[in-house]
$ cat structure.csv   # CSV, C-alpha atoms
chain,number,residue,atom,x,y,z
A,1,MET,CA,22.3,-31.2,-5.1
A,2,ASN,CA,20.8,-31.7,-1.8
A,3,THR,CA,17.2,-31.7,-3.0
A,4,LYS,CA,18.1,-33.9,-5.9
A,5,SER,CA,19.5,-36.6,-3.7
A,6,LYS,CA,16.5,-36.3,-1.4
A,7,GLY,CA,14.2,-36.8,-4.4
A,8,LEU,CA,16.1,-39.9,-5.4
A,9,LEU,CA,15.9,-41.2,-1.9
A,10,SER,CA,12.2,-40.8,-1.7
A,11,ILE,CA,11.7,-42.5,-5.1
A,12,ALA,CA,13.8,-45.4,-3.8
A,13,GLY,CA,11.7,-45.4,-0.7
A,14,ALA,CA,8.6,-45.4,-2.7
A,15,MET,CA,9.7,-48.5,-4.6
A,16,LEU,CA,10.7,-50.3,-1.4
A,17,ILE,CA,7.4,-49.8,0.3
A,18,GLY,CA,5.3,-49.6,-2.9
A,19,ALA,CA,4.0,-53.0,-2.4
A,20,SER,CA,2.5,-52.4,1.0
A,21,LEU,CA,1.1,-49.1,0.0
A,22,SER,CA,-0.8,-50.4,-3.0
A,23,THR,CA,-2.5,-53.0,-0.9
A,24,SER,CA,-3.6,-50.4,1.6
A,25,VAL,CA,-5.1,-48.3,-1.2
A,26,VAL,CA,-6.9,-51.3,-2.6
A,27,MET,CA,-8.2,-51.9,0.9
A,28,ALA,CA,-9.4,-48.3,1.3
A,29,LYS,CA,-11.1,-48.5,-2.0
A,30,GLU,CA,-12.9,-51.6,-1.1
A,31,ALA,CA,-13.8,-50.5,2.4
A,32,GLY,CA,-15.0,-47.0,1.8
A,33,MET,CA,-15.0,-45.7,-1.8
A,34,SER,CA,-17.2,-42.8,-0.6
A,35,ARG,CA,-14.5,-41.6,1.9
A,36,MET,CA,-12.1,-41.2,-1.0
A,37,ASP,CA,-14.8,-39.3,-3.0
A,38,GLU,CA,-15.4,-37.1,0.0
A,39,GLY,CA,-11.7,-36.4,0.1
A,40,LYS,CA,-11.7,-35.4,-3.6
A,41,ASN,CA,-14.7,-33.1,-3.1
A,42,LEU,CA,-13.1,-31.5,-0.1
A,43,ALA,CA,-9.9,-30.9,-2.1
A,44,PHE,CA,-11.7,-29.5,-5.1
A,45,THR,CA,-14.4,-27.2,-3.6
A,46,ARG,CA,-13.6,-23.5,-3.2
A,47,LYS,CA,-15.1,-23.4,0.3
A,48,LYS,CA,-12.9,-26.1,1.7
A,49,GLY,CA,-9.5,-27.2,0.3
A,50,ASN,CA,-9.6,-25.3,-3.0
A,51,CYS,CA,-6.3,-27.0,-3.8
A,52,LEU,CA,-7.0,-26.3,-7.5
A,53,ALA,CA,-6.5,-22.6,-6.8
A,54,CYS,CA,-2.8,-23.3,-6.8
A,55,HIS,CA,-2.2,-27.0,-7.9
A,56,MET,CA,-3.0,-28.9,-11.0
A,57,ILE,CA,-4.8,-32.2,-10.1
A,58,VAL,CA,-5.9,-34.6,-12.8
A,59,GLY,CA,-9.6,-34.2,-13.3
A,60,GLY,CA,-9.8,-30.8,-11.8
A,61,LYS,CA,-11.0,-27.9,-13.9
A,62,ALA,CA,-9.2,-24.6,-14.4
A,63,PRO,CA,-6.3,-25.2,-12.0
A,64,GLY,CA,-3.9,-22.4,-11.0
A,65,ASN,CA,-0.1,-22.7,-11.6
A,66,ILE,CA,1.2,-21.3,-8.3
A,67,ALA,CA,2.3,-24.6,-6.9
A,68,PRO,CA,3.7,-28.0,-8.1
A,69,PRO,CA,1.1,-30.3,-9.7
A,70,LEU,CA,-0.2,-33.0,-7.3
A,71,VAL,CA,0.8,-36.1,-9.3
A,72,GLY,CA,2.9,-39.1,-8.4
A,73,MET,CA,2.3,-38.4,-4.7
A,74,LYS,CA,3.5,-41.7,-3.4
A,75,ALA,CA,6.9,-41.3,-5.0
A,76,ARG,CA,7.2,-37.9,-3.4
A,77,PHE,CA,5.6,-38.8,-0.1
A,78,PRO,CA,6.1,-42.4,0.6
A,79,GLU,CA,5.0,-41.8,4.1
A,80,ARG,CA,1.4,-40.6,4.6
A,81,GLU,CA,2.3,-38.8,7.8
A,82,VAL,CA,4.8,-36.6,6.0
A,83,LEU,CA,2.2,-35.7,3.4
A,84,LYS,CA,-0.3,-35.0,6.2
A,85,ALA,CA,2.2,-32.7,7.9
A,86,GLN,CA,2.7,-30.7,4.7
A,87,ILE,CA,-1.0,-30.2,4.3
A,88,TYR,CA,-1.6,-29.6,8.1
A,89,ASP,CA,1.1,-26.8,8.3
A,90,ALA,CA,3.0,-26.0,5.1
A,91,SER,CA,4.9,-23.3,7.0
A,92,LYS,CA,6.9,-25.9,8.9
A,93,LYS,CA,8.9,-26.6,5.7
A,94,ASN,CA,8.7,-23.2,4.2
A,95,ALA,CA,8.1,-20.2,6.5
A,96,GLY,CA,7.2,-18.0,3.6
A,97,THR,CA,4.8,-20.5,2.0
A,98,MET,CA,1.8,-19.4,0.0
A,99,MET,CA,-0.1,-22.5,1.0
A,100,PRO,CA,-2.8,-22.1,3.6
A,101,LEU,CA,-2.1,-23.9,6.9
A,102,PHE,CA,-5.1,-26.2,6.6
A,103,GLY,CA,-4.8,-28.0,9.9
A,104,ARG,CA,-3.1,-25.5,12.1
A,105,TYR,CA,-5.5,-22.7,11.1
A,106,GLU,CA,-8.5,-25.1,11.1
A,107,VAL,CA,-9.4,-24.5,7.5
A,108,LEU,CA,-10.2,-28.2,7.6
A,109,THR,CA,-11.3,-30.3,10.5
A,110,ASP,CA,-9.2,-33.3,11.6
A,111,ASP,CA,-11.6,-35.7,9.8
A,112,GLU,CA,-11.7,-33.6,6.7
A,113,LEU,CA,-7.9,-33.4,6.6
A,114,ASP,CA,-7.6,-37.1,6.9
A,115,LYS,CA,-9.9,-37.6,3.9
A,116,VAL,CA,-8.0,-35.1,1.8
A,117,VAL,CA,-4.7,-36.7,2.7
A,118,ASP,CA,-6.0,-40.1,1.7
A,119,TYR,CA,-7.2,-38.8,-1.6
A,120,ILE,CA,-4.1,-36.7,-2.4
A,121,HIS,CA,-1.9,-39.7,-1.4
A,122,SER,CA,-3.8,-41.8,-4.0
A,123,LEU,CA,-2.8,-39.5,-6.9
B,124,MET,CA,13.9,-23.9,-9.9
B,125,ASN,CA,12.6,-20.7,-11.4
B,126,LYS,CA,10.0,-20.6,-8.7
B,127,LEU,CA,12.6,-21.0,-6.0
B,128,ILE,CA,14.6,-18.0,-7.4
B,129,SER,CA,11.6,-15.8,-7.6
B,130,LYS,CA,10.6,-16.8,-4.1
B,131,LEU,CA,14.1,-15.8,-2.9
B,132,ILE,CA,13.8,-12.5,-4.8
B,133,PHE,CA,10.4,-11.9,-3.2
B,134,VAL,CA,11.8,-12.4,0.3
B,135,CYS,CA,14.6,-10.0,-0.6
B,136,ILE,CA,12.3,-7.3,-1.8
B,137,ALA,CA,10.0,-7.8,1.2
B,138,TRP,CA,13.0,-7.3,3.4
B,139,ALA,CA,14.4,-4.4,1.4
B,140,ILE,CA,11.0,-2.6,1.4
B,141,ALA,CA,10.3,-3.3,5.0
B,142,SER,CA,13.8,-2.3,6.3
B,143,ALA,CA,13.9,1.2,4.8
B,144,VAL,CA,14.6,3.3,7.9
B,145,TYR,CA,12.2,6.1,7.0
B,146,ALA,CA,9.4,6.3,4.5
B,147,ASP,CA,11.0,6.5,1.0
B,148,PRO,CA,8.3,5.7,-1.5
B,149,ALA,CA,10.7,6.4,-4.4
B,150,LYS,CA,13.1,3.7,-3.2
B,151,ASP,CA,10.3,1.3,-2.3
B,152,GLN,CA,8.9,1.8,-5.8
B,153,ALA,CA,12.3,1.3,-7.5
B,154,ILE,CA,12.7,-2.0,-5.7
B,155,LEU,CA,9.3,-3.1,-6.8
B,156,ALA,CA,9.8,-1.9,-10.4
B,157,ASP,CA,13.0,-3.9,-10.7
B,158,TYR,CA,11.3,-7.0,-9.5
B,159,PHE,CA,8.4,-6.6,-11.9
B,160,LYS,CA,10.6,-5.7,-14.9
B,161,ASN,CA,12.5,-8.9,-14.3
B,162,ARG,CA,9.3,-10.9,-13.8
B,163,PHE,CA,7.5,-9.4,-16.8
B,164,GLN,CA,10.1,-9.1,-19.4
B,165,GLY,CA,8.9,-7.4,-22.5
B,166,VAL,CA,6.0,-5.7,-20.7
B,167,PRO,CA,6.5,-1.9,-20.6
B,168,VAL,CA,6.0,-0.4,-17.1
B,169,GLU,CA,3.2,1.9,-18.5
B,170,GLU,CA,1.3,-1.2,-19.3
B,171,TYR,CA,1.0,-2.2,-15.6
B,172,ALA,CA,-1.9,0.3,-15.4
B,173,ASN,CA,-3.8,-2.3,-17.4
B,174,GLY,CA,-3.4,-4.9,-14.7
B,175,ALA,CA,-3.5,-8.5,-15.7
B,176,TYR,CA,-4.3,-7.5,-19.3
B,177,SER,CA,-0.7,-6.3,-19.6
B,178,PHE,CA,0.5,-9.9,-19.8
B,179,ASP,CA,-2.7,-12.0,-20.3
B,180,THR,CA,-3.0,-11.9,-24.1
B,181,VAL,CA,-6.1,-14.0,-24.2
B,182,GLY,CA,-8.0,-11.9,-21.7
B,183,ARG,CA,-6.7,-8.8,-23.3
B,184,GLU,CA,-8.6,-9.5,-26.6
B,185,SER,CA,-12.0,-9.7,-24.9
B,186,TRP,CA,-11.1,-6.7,-22.7
B,187,GLU,CA,-10.3,-4.6,-25.8
B,188,ALA,CA,-13.6,-5.6,-27.3
B,189,ILE,CA,-15.4,-4.5,-24.1
B,190,GLU,CA,-13.6,-1.2,-24.1
B,191,GLU,CA,-15.1,-0.4,-27.6
B,192,PHE,CA,-18.4,0.1,-25.8
B,193,PRO,CA,-17.3,0.9,-22.3
B,194,PRO,CA,-19.7,-0.5,-19.7
B,195,TYR,CA,-18.8,2.5,-17.4
B,196,GLU,CA,-20.0,5.1,-19.9
B,197,MET,CA,-23.4,5.6,-18.3
B,198,ALA,CA,-21.7,6.1,-14.9
B,199,ILE,CA,-19.6,8.9,-16.4
B,200,ASP,CA,-22.7,10.6,-17.8
B,201,ASP,CA,-24.6,10.2,-14.6
B,202,GLY,CA,-21.6,11.5,-12.7
B,203,GLN,CA,-21.4,14.6,-14.8
B,204,ALA,CA,-25.0,15.3,-14.0
B,205,MET,CA,-24.3,14.9,-10.3
B,206,TRP,CA,-21.3,17.2,-10.6
B,207,GLU,CA,-23.3,19.9,-12.3
B,208,LYS,CA,-26.5,19.7,-10.3
B,209,PRO,CA,-26.7,22.3,-7.6
B,210,PHE,CA,-27.1,21.1,-4.0
B,211,ALA,CA,-30.2,22.3,-2.1
B,212,ASN,CA,-28.2,25.4,-1.1
B,213,GLY,CA,-27.6,26.3,-4.7
B,214,LYS,CA,-23.9,25.6,-4.7
B,215,THR,CA,-22.2,22.8,-6.6
B,216,TYR,CA,-19.1,20.5,-6.1
B,217,LYS,CA,-17.2,23.2,-7.8
B,218,SER,CA,-17.5,25.3,-4.7
B,219,CYS,CA,-15.2,22.8,-2.9
B,220,PHE,CA,-13.1,21.8,-5.9
B,221,ALA,CA,-12.2,25.0,-7.8
B,222,ASP,CA,-9.9,23.0,-10.1
B,223,GLY,CA,-12.5,20.3,-10.8
B,224,PRO,CA,-13.5,18.1,-12.3
B,225,ALA,CA,-10.0,16.9,-13.4
B,226,ILE,CA,-8.7,16.4,-9.8
B,227,ALA,CA,-8.2,12.6,-9.3
B,228,HIS,CA,-4.4,12.8,-9.6
B,229,LYS,CA,-4.3,15.1,-6.5
B,230,TYR,CA,-5.5,12.2,-4.3
B,231,PRO,CA,-4.8,10.7,-1.9
B,232,TYR,CA,-2.8,13.3,0.0
B,233,TRP,CA,-1.8,13.8,3.6
B,234,ASP,CA,-3.7,16.6,5.3
B,235,LYS,CA,-1.5,18.0,8.0
B,236,LYS,CA,-4.2,19.9,9.8
B,237,LYS,CA,-6.6,17.0,10.0
B,238,SER,CA,-3.7,14.6,10.5
B,239,MET,CA,-5.1,12.0,8.1
B,240,VAL,CA,-4.9,10.7,4.6
B,241,ILE,CA,-7.6,12.3,2.5
B,242,THR,CA,-8.9,10.3,-0.5
B,243,LEU,CA,-11.0,11.6,-3.3
B,244,ALA,CA,-14.1,9.7,-2.1
B,245,LEU,CA,-13.7,11.2,1.4
B,246,ALA,CA,-13.2,14.7,0.0
B,247,LEU,CA,-16.4,14.4,-2.0
B,248,ASN,CA,-18.4,13.5,1.1
B,249,HIS,CA,-16.7,16.3,3.1
B,250,CYS,CA,-18.0,18.6,0.4
B,251,ARG,CA,-21.4,17.2,0.6
B,252,LYS,CA,-21.5,17.5,4.4
B,253,ALA,CA,-20.2,21.2,4.3
B,254,ASN,CA,-23.2,21.9,2.0
B,255,GLY,CA,-25.8,20.2,4.1
B,256,GLU,CA,-26.1,17.1,1.9
B,257,LYS,CA,-26.2,13.4,3.1
B,258,PRO,CA,-22.9,11.5,2.6
B,259,LEU,CA,-22.8,8.9,-0.2
B,260,LYS,CA,-21.9,5.2,0.5
B,261,TYR,CA,-18.3,4.3,-0.1
B,262,LYS,CA,-18.4,0.9,-1.9
B,263,LYS,CA,-21.5,0.7,-4.1
B,264,GLY,CA,-23.9,3.2,-5.5
B,265,SER,CA,-23.9,6.7,-6.9
B,266,ILE,CA,-20.5,7.7,-5.5
B,267,ASN,CA,-19.1,5.6,-8.3
B,268,ASN,CA,-20.8,7.8,-10.9
B,269,LEU,CA,-19.2,10.9,-9.5
B,270,LEU,CA,-15.8,9.1,-9.2
B,271,SER,CA,-16.2,7.8,-12.8
B,272,TYR,CA,-16.8,11.3,-14.2
B,273,ILE,CA,-13.9,12.9,-12.2
B,274,THR,CA,-11.5,10.0,-13.0
B,275,PHE,CA,-12.5,10.2,-16.7
B,276,GLU,CA,-11.8,13.9,-16.8
B,277,SER,CA,-8.5,13.3,-15.1
B,278,ARG,CA,-7.3,10.7,-17.6
B,279,GLY,CA,-3.7,11.3,-18.8
B,280,ASN,CA,-2.6,13.0,-15.6
B,281,LYS,CA,0.1,11.2,-13.7
B,282,THR,CA,-0.1,9.6,-10.3
B,283,ASN,CA,2.0,11.7,-8.0
B,284,VAL,CA,1.6,10.8,-4.3
B,285,VAL,CA,3.8,12.9,-2.1
B,286,VAL,CA,4.8,11.7,1.4
B,287,PRO,CA,6.3,14.7,3.1
B,288,LYS,CA,9.4,13.3,4.9
B,289,ASN,CA,9.4,16.0,7.5
B,290,ASP,CA,5.9,15.1,8.7
B,291,ALA,CA,5.9,12.2,11.1
B,292,GLY,CA,2.2,11.6,10.7
B,293,ALA,CA,2.4,11.3,6.9
B,294,VAL,CA,5.4,9.0,7.2
B,295,ALA,CA,3.6,6.8,9.8
B,296,ALA,CA,0.5,6.6,7.6
B,297,TYR,CA,2.6,5.5,4.6
B,298,GLU,CA,4.4,3.0,6.7
B,299,ALA,CA,1.1,1.6,8.1
B,300,GLY,CA,-0.2,1.2,4.6
B,301,LYS,CA,2.9,-0.6,3.5
B,302,LYS,CA,2.8,-2.9,6.6
B,303,PHE,CA,-0.8,-3.7,5.8
B,304,TYR,CA,0.2,-4.8,2.3
B,305,PHE,CA,2.8,-7.2,3.6
B,306,THR,CA,0.9,-8.6,6.6
B,307,ARG,CA,-0.6,-12.0,6.3
B,308,ARG,CA,-4.2,-12.2,7.4
B,309,GLY,CA,-7.3,-14.3,7.4
B,310,GLN,CA,-7.7,-18.0,7.9
B,311,LEU,CA,-5.8,-18.6,4.6
B,312,ASN,CA,-2.9,-16.6,5.9
B,313,LEU,CA,-2.1,-14.5,2.8
B,314,SER,CA,-0.9,-10.9,2.4
B,315,CYS,CA,-1.7,-8.6,-0.5
B,316,ALA,CA,1.9,-9.1,-1.4
B,317,SER,CA,1.6,-12.9,-1.5
B,318,CYS,CA,-0.7,-12.6,-4.5
B,319,HIS,CA,0.1,-9.3,-6.2
B,320,ILE,CA,3.9,-9.4,-5.8
B,321,GLN,CA,5.1,-12.9,-5.0
B,322,ASN,CA,2.7,-14.5,-7.4
B,323,ALA,CA,2.0,-11.7,-9.9
B,324,GLY,CA,1.7,-13.2,-13.3
B,325,ASN,CA,0.7,-16.6,-12.0
B,326,LYS,CA,-2.7,-18.1,-12.1
B,327,ILE,CA,-4.9,-18.7,-9.0
B,328,ARG,CA,-7.5,-21.0,-10.4
B,329,SER,CA,-8.4,-19.3,-13.7
B,330,GLU,CA,-7.5,-15.8,-12.5
B,331,ASN,CA,-4.4,-14.1,-13.7
B,332,LEU,CA,-2.8,-12.3,-10.7
B,333,SER,CA,-2.0,-8.6,-11.6
B,334,MET,CA,1.0,-6.8,-10.3
B,335,SER,CA,0.6,-4.3,-7.5
B,336,MET,CA,2.1,-1.4,-9.5
B,337,GLY,CA,-0.7,0.1,-11.5
B,338,HIS,CA,-3.4,-1.1,-9.2
B,339,THR,CA,-4.8,2.3,-8.5
B,340,THR,CA,-4.7,4.0,-11.8
B,341,HIS,CA,-8.0,2.9,-13.2
B,342,PHE,CA,-10.4,3.0,-10.3
B,343,PRO,CA,-13.4,3.1,-10.0
B,344,VAL,CA,-13.8,-0.1,-12.0
B,345,TYR,CA,-16.7,-1.7,-13.8
B,346,ARG,CA,-16.6,-5.4,-13.0
B,347,SER,CA,-18.7,-7.9,-14.9
B,348,LYS,CA,-18.8,-9.9,-11.6
B,349,TRP,CA,-20.4,-6.9,-9.9
B,350,GLY,CA,-22.4,-5.8,-12.9
B,351,ALA,CA,-21.6,-2.3,-11.8
B,352,VAL,CA,-18.8,0.2,-11.2
B,353,GLY,CA,-17.3,-0.2,-7.8
B,354,THR,CA,-14.7,1.7,-5.7
B,355,LEU,CA,-11.1,0.8,-4.8
B,356,HIS,CA,-12.2,0.1,-1.2
B,357,ARG,CA,-14.8,-2.3,-2.4
B,358,ARG,CA,-12.0,-4.2,-4.2
B,359,PHE,CA,-9.9,-4.2,-1.0
B,360,THR,CA,-12.9,-5.6,0.8
B,361,GLY,CA,-13.2,-8.4,-1.7
B,362,CYS,CA,-9.6,-9.3,-1.6
B,363,ASN,CA,-9.7,-9.4,2.2
B,364,LYS,CA,-12.7,-11.6,2.1
B,365,GLN,CA,-11.1,-14.0,-0.3
B,366,VAL,CA,-8.6,-15.0,2.4
B,367,ARG,CA,-11.4,-15.2,4.9
B,368,ALA,CA,-10.2,-12.1,6.8
B,369,LYS,CA,-12.7,-9.7,8.2
B,370,PRO,CA,-12.7,-6.7,5.9
B,371,PHE,CA,-12.0,-3.2,7.3
B,372,LYS,CA,-14.4,-0.3,7.0
B,373,ALA,CA,-14.4,1.4,3.6
B,374,GLN,CA,-12.7,4.8,4.0
B,375,GLY,CA,-11.6,3.8,7.5
B,376,GLU,CA,-8.0,4.6,8.5
B,377,GLU,CA,-6.6,1.2,7.5
B,378,TYR,CA,-7.8,1.3,3.9
B,379,ARG,CA,-7.0,5.0,3.5
B,380,ASN,CA,-3.4,4.3,4.6
B,381,LEU,CA,-3.3,1.3,2.3
B,382,GLU,CA,-4.5,3.4,-0.6
B,383,TYR,CA,-1.8,6.0,0.3
B,384,TYR,CA,0.9,3.4,0.0
B,385,LEU,CA,-0.5,1.5,-3.0
B,386,THR,CA,-1.1,4.7,-5.0
B,387,ALA,CA,2.5,5.9,-4.3
B,388,MET,CA,3.7,2.6,-5.8
B,389,SER,CA,2.0,3.8,-9.1
B,390,ASN,CA,3.7,7.2,-9.1
B,391,GLY,CA,4.5,8.3,-12.6
B,392,LEU,CA,1.8,6.1,-14.2
B,393,GLU,CA,-1.0,7.8,-16.0
B,394,LEU,CA,-4.5,7.7,-14.7
B,395,ASN,CA,-6.7,5.6,-17.1
B,396,GLY,CA,-9.9,5.1,-15.2
B,397,PRO,CA,-12.6,4.2,-15.1
B,398,GLY,CA,-11.5,0.7,-16.0
B,399,ALA,CA,-13.3,-2.5,-16.9
B,400,ARG,CA,-12.4,-5.9,-15.5
B,401,LYS,CA,-13.8,-9.4,-15.3
$ encode --input "structure.csv" --output "structure tokens"
Amino acid sequence: MNTKSKGLLSIAGAMLIGASLSTSVVMAKEAGMSRMDEGKNLAFTRKKGNCLACHMIVGGKAPGNIAPPLVGMKARFPEREVLKAQIYDASKKNAGTMMPLFGRYEVLTDDELDKVVDYIHSL
Amino acid sequence: MNKLISKLIFVCIAWAIASAVYADPAKDQAILADYFKNRFQGVPVEEYANGAYSFDTVGRESWEAIEEFPPYEMAIDDGQAMWEKPFANGKTYKSCFADGPAIAHKYPYWDKKKSMVITLALALNHCRKANGEKPLKYKKGSINNLLSYITFESRGNKTNVVVPKNDAGAVAAYEAGKKFYFTRRGQLNLSCASCHIQNAGNKIRSENLSMSMGHTTHFPVYRSKWGAVGTLHRRFTGCNKQVRAKPFKAQGEEYRNLEYYLTAMSNGLELNGPGARK
């Protein structure tokens, strides 16, 4: 019940700020396409994010099925900072999480993390 | 939702297994078995000895084809030759292992006098040392031939690890192995249990994660990735490295205790090694 209503709230939130988000993505695309590509590479390669080990991401080969597919991210994470927090330290939300603590355990540098967050947020 | 429930169950079994007051492998195993039976409905427990092929029907087909011409066959033959060839002093392995070669099911065991877990690999090198021979390496190389032969001869015997409850050292070794299994480590912060209990049956990339029960029945294993037969401790090393943890020493105390715990979780399952895996 609780999680359901949270989900609805975040979808509503996404619709409210959807307009401003889409402009920021367009801007990012125009300003630095390569940054987004870098984010995608970091997310895909085994040596870095290796998100595909556990998450389905459209365009990624042989994904695992341990974790929810990373689709419709803006609906689920209207706020970039919330998404970033999840990727930085997934144990904040779920102490028993399987997801590596990419920021806290320095699997990714700050800059790499930001690129990954931008890319994931665009999905 | 299903995932949430299985996560909750995982937390419960981790808690139940961890909070047993004294070492009780039978109880630990019963908790695990219940969890896996529920997670792998329709897969008989004996099948766990076949790892991921017990539920991965696609992988199973190519595995069965491989088993028609076992890639570990040469290792068995070479191992038999090693077993029979006298040492420089004229004696053979038989001088140390009177019941040999079908002895794999007797390991690992707690040696009260030495106050340590003795694995088969270690016992083989103890025998070599006693006979003035150089020890064999513990991950790659010819030790795998010897282990393959002994394991093959031991097929059909059942895993039966005994942890003597009245021996504090044995209990501590078992508990240390168990703790190792549930401890998160490495930069990726995962425990053995994260993958082989919590996510057994799920896919990590294209790999099907096998259940911890049955993990020891078929070692040593020929892996296509290795292009050779390798030991259980080599596999431990690989799984530690995957999470970017520093692996421990093969046949060091940590891995021997881990083997003690992990093998006890397969008690009752038949030995079916050597195995073949991707």
$ residues_around --input "structure.csv" --residues "Arg104 in chain A" --least-positions-apart "2" --cutoff "6 Å" --atoms "all atoms listed in the file" --output "mmCIF file with C-alpha atoms, keeping the file's coordinate frame"
data_model
loop_
_atom_site.group_PDB
_atom_site.id
_atom_site.type_symbol
_atom_site.label_atom_id
_atom_site.label_comp_id
_atom_site.auth_asym_id
_atom_site.auth_seq_id
_atom_site.Cartn_x
_atom_site.Cartn_y
_atom_site.Cartn_z
ATOM 1 C CA TYR A 88 -1.600 -29.600 8.100
ATOM 2 C CA ASP A 89 1.100 -26.800 8.300
ATOM 3 C CA LEU A 101 -2.100 -23.900 6.900
ATOM 4 C CA PHE A 102 -5.100 -26.200 6.600
ATOM 5 C CA GLU A 106 -8.500 -25.100 11.100
#
$ interface_residues --input "structure.csv" --of "chain B" --to "chain A" --cutoff "8 Å" --atoms "all atoms listed in the file" --output "PDB file with C-alpha atoms, keeping the file's coordinate frame"
ATOM      1  CA  VAL B 134      11.800 -12.400   0.300  1.00  0.00           C
ATOM      2  CA  GLN B 310      -7.700 -18.000   7.900  1.00  0.00           C
ATOM      3  CA  LEU B 311      -5.800 -18.600   4.600  1.00  0.00           C
ATOM      4  CA  ASN B 312      -2.900 -16.600   5.900  1.00  0.00           C
ATOM      5  CA  LEU B 313      -2.100 -14.500   2.800  1.00  0.00           C
ATOM      6  CA  SER B 317       1.600 -12.900  -1.500  1.00  0.00           C
ATOM      7  CA  ASN B 322       2.700 -14.500  -7.400  1.00  0.00           C
ATOM      8  CA  ASN B 325       0.700 -16.600 -12.000  1.00  0.00           C
ATOM      9  CA  LYS B 326      -2.700 -18.100 -12.100  1.00  0.00           C
ATOM     10  CA  ILE B 327      -4.900 -18.700  -9.000  1.00  0.00           C
ATOM     11  CA  ARG B 328      -7.500 -21.000 -10.400  1.00  0.00           C
ATOM     12  CA  SER B 329      -8.400 -19.300 -13.700  1.00  0.00           C
ATOM     13  CA  GLU B 330      -7.500 -15.800 -12.500  1.00  0.00           C
TER      14      GLU B 330
END
$ closest_residue --input "structure.csv" --among "B:Gly309, B:Gly324, B:Gly223, B:Gly350" --to "Gln365 in chain B" --atoms "only C-alpha atoms"
B:Gly309
$ atom_distance --input "structure.csv" --atom1 "CA of Glu169 in chain B" --atom2 "CA of Ile154 in chain B"
16.4 Å
$ closest_residue --input "structure.csv" --among "B:Pro287, B:Tyr384, B:Ile189, B:Lys260" --to "Lys372 in chain B" --atoms "all atoms listed in the file"
B:Lys260
$ residues_near_point --input "structure.csv" --point "(-4.3, -6.6, -12.9)" --cutoff "12 Å" --atoms "only C-alpha atoms" --output "PyMOL selection string"
chain B and resi 170-179+182-183+186+318-320+322-326+330-342+344+358+398-401
$ closest_residue --input "structure.csv" --among "B:Glu187, B:Gly361, B:Thr215, B:Pro258" --to "Lys348 in chain B" --atoms "all atoms listed in the file"
B:Gly361
$ residues_around --input "structure.csv" --residues "Gly264 in chain B" --least-positions-apart "2" --cutoff "10 Å" --atoms "only C-alpha atoms" --output "list of chain:residue names"
B:Leu259, B:Lys260, B:Tyr261, B:Lys262, B:Ile266, B:Asn267, B:Asn268, B:Leu269, B:Ala351, B:Val352, B:Gly353, B:Thr354
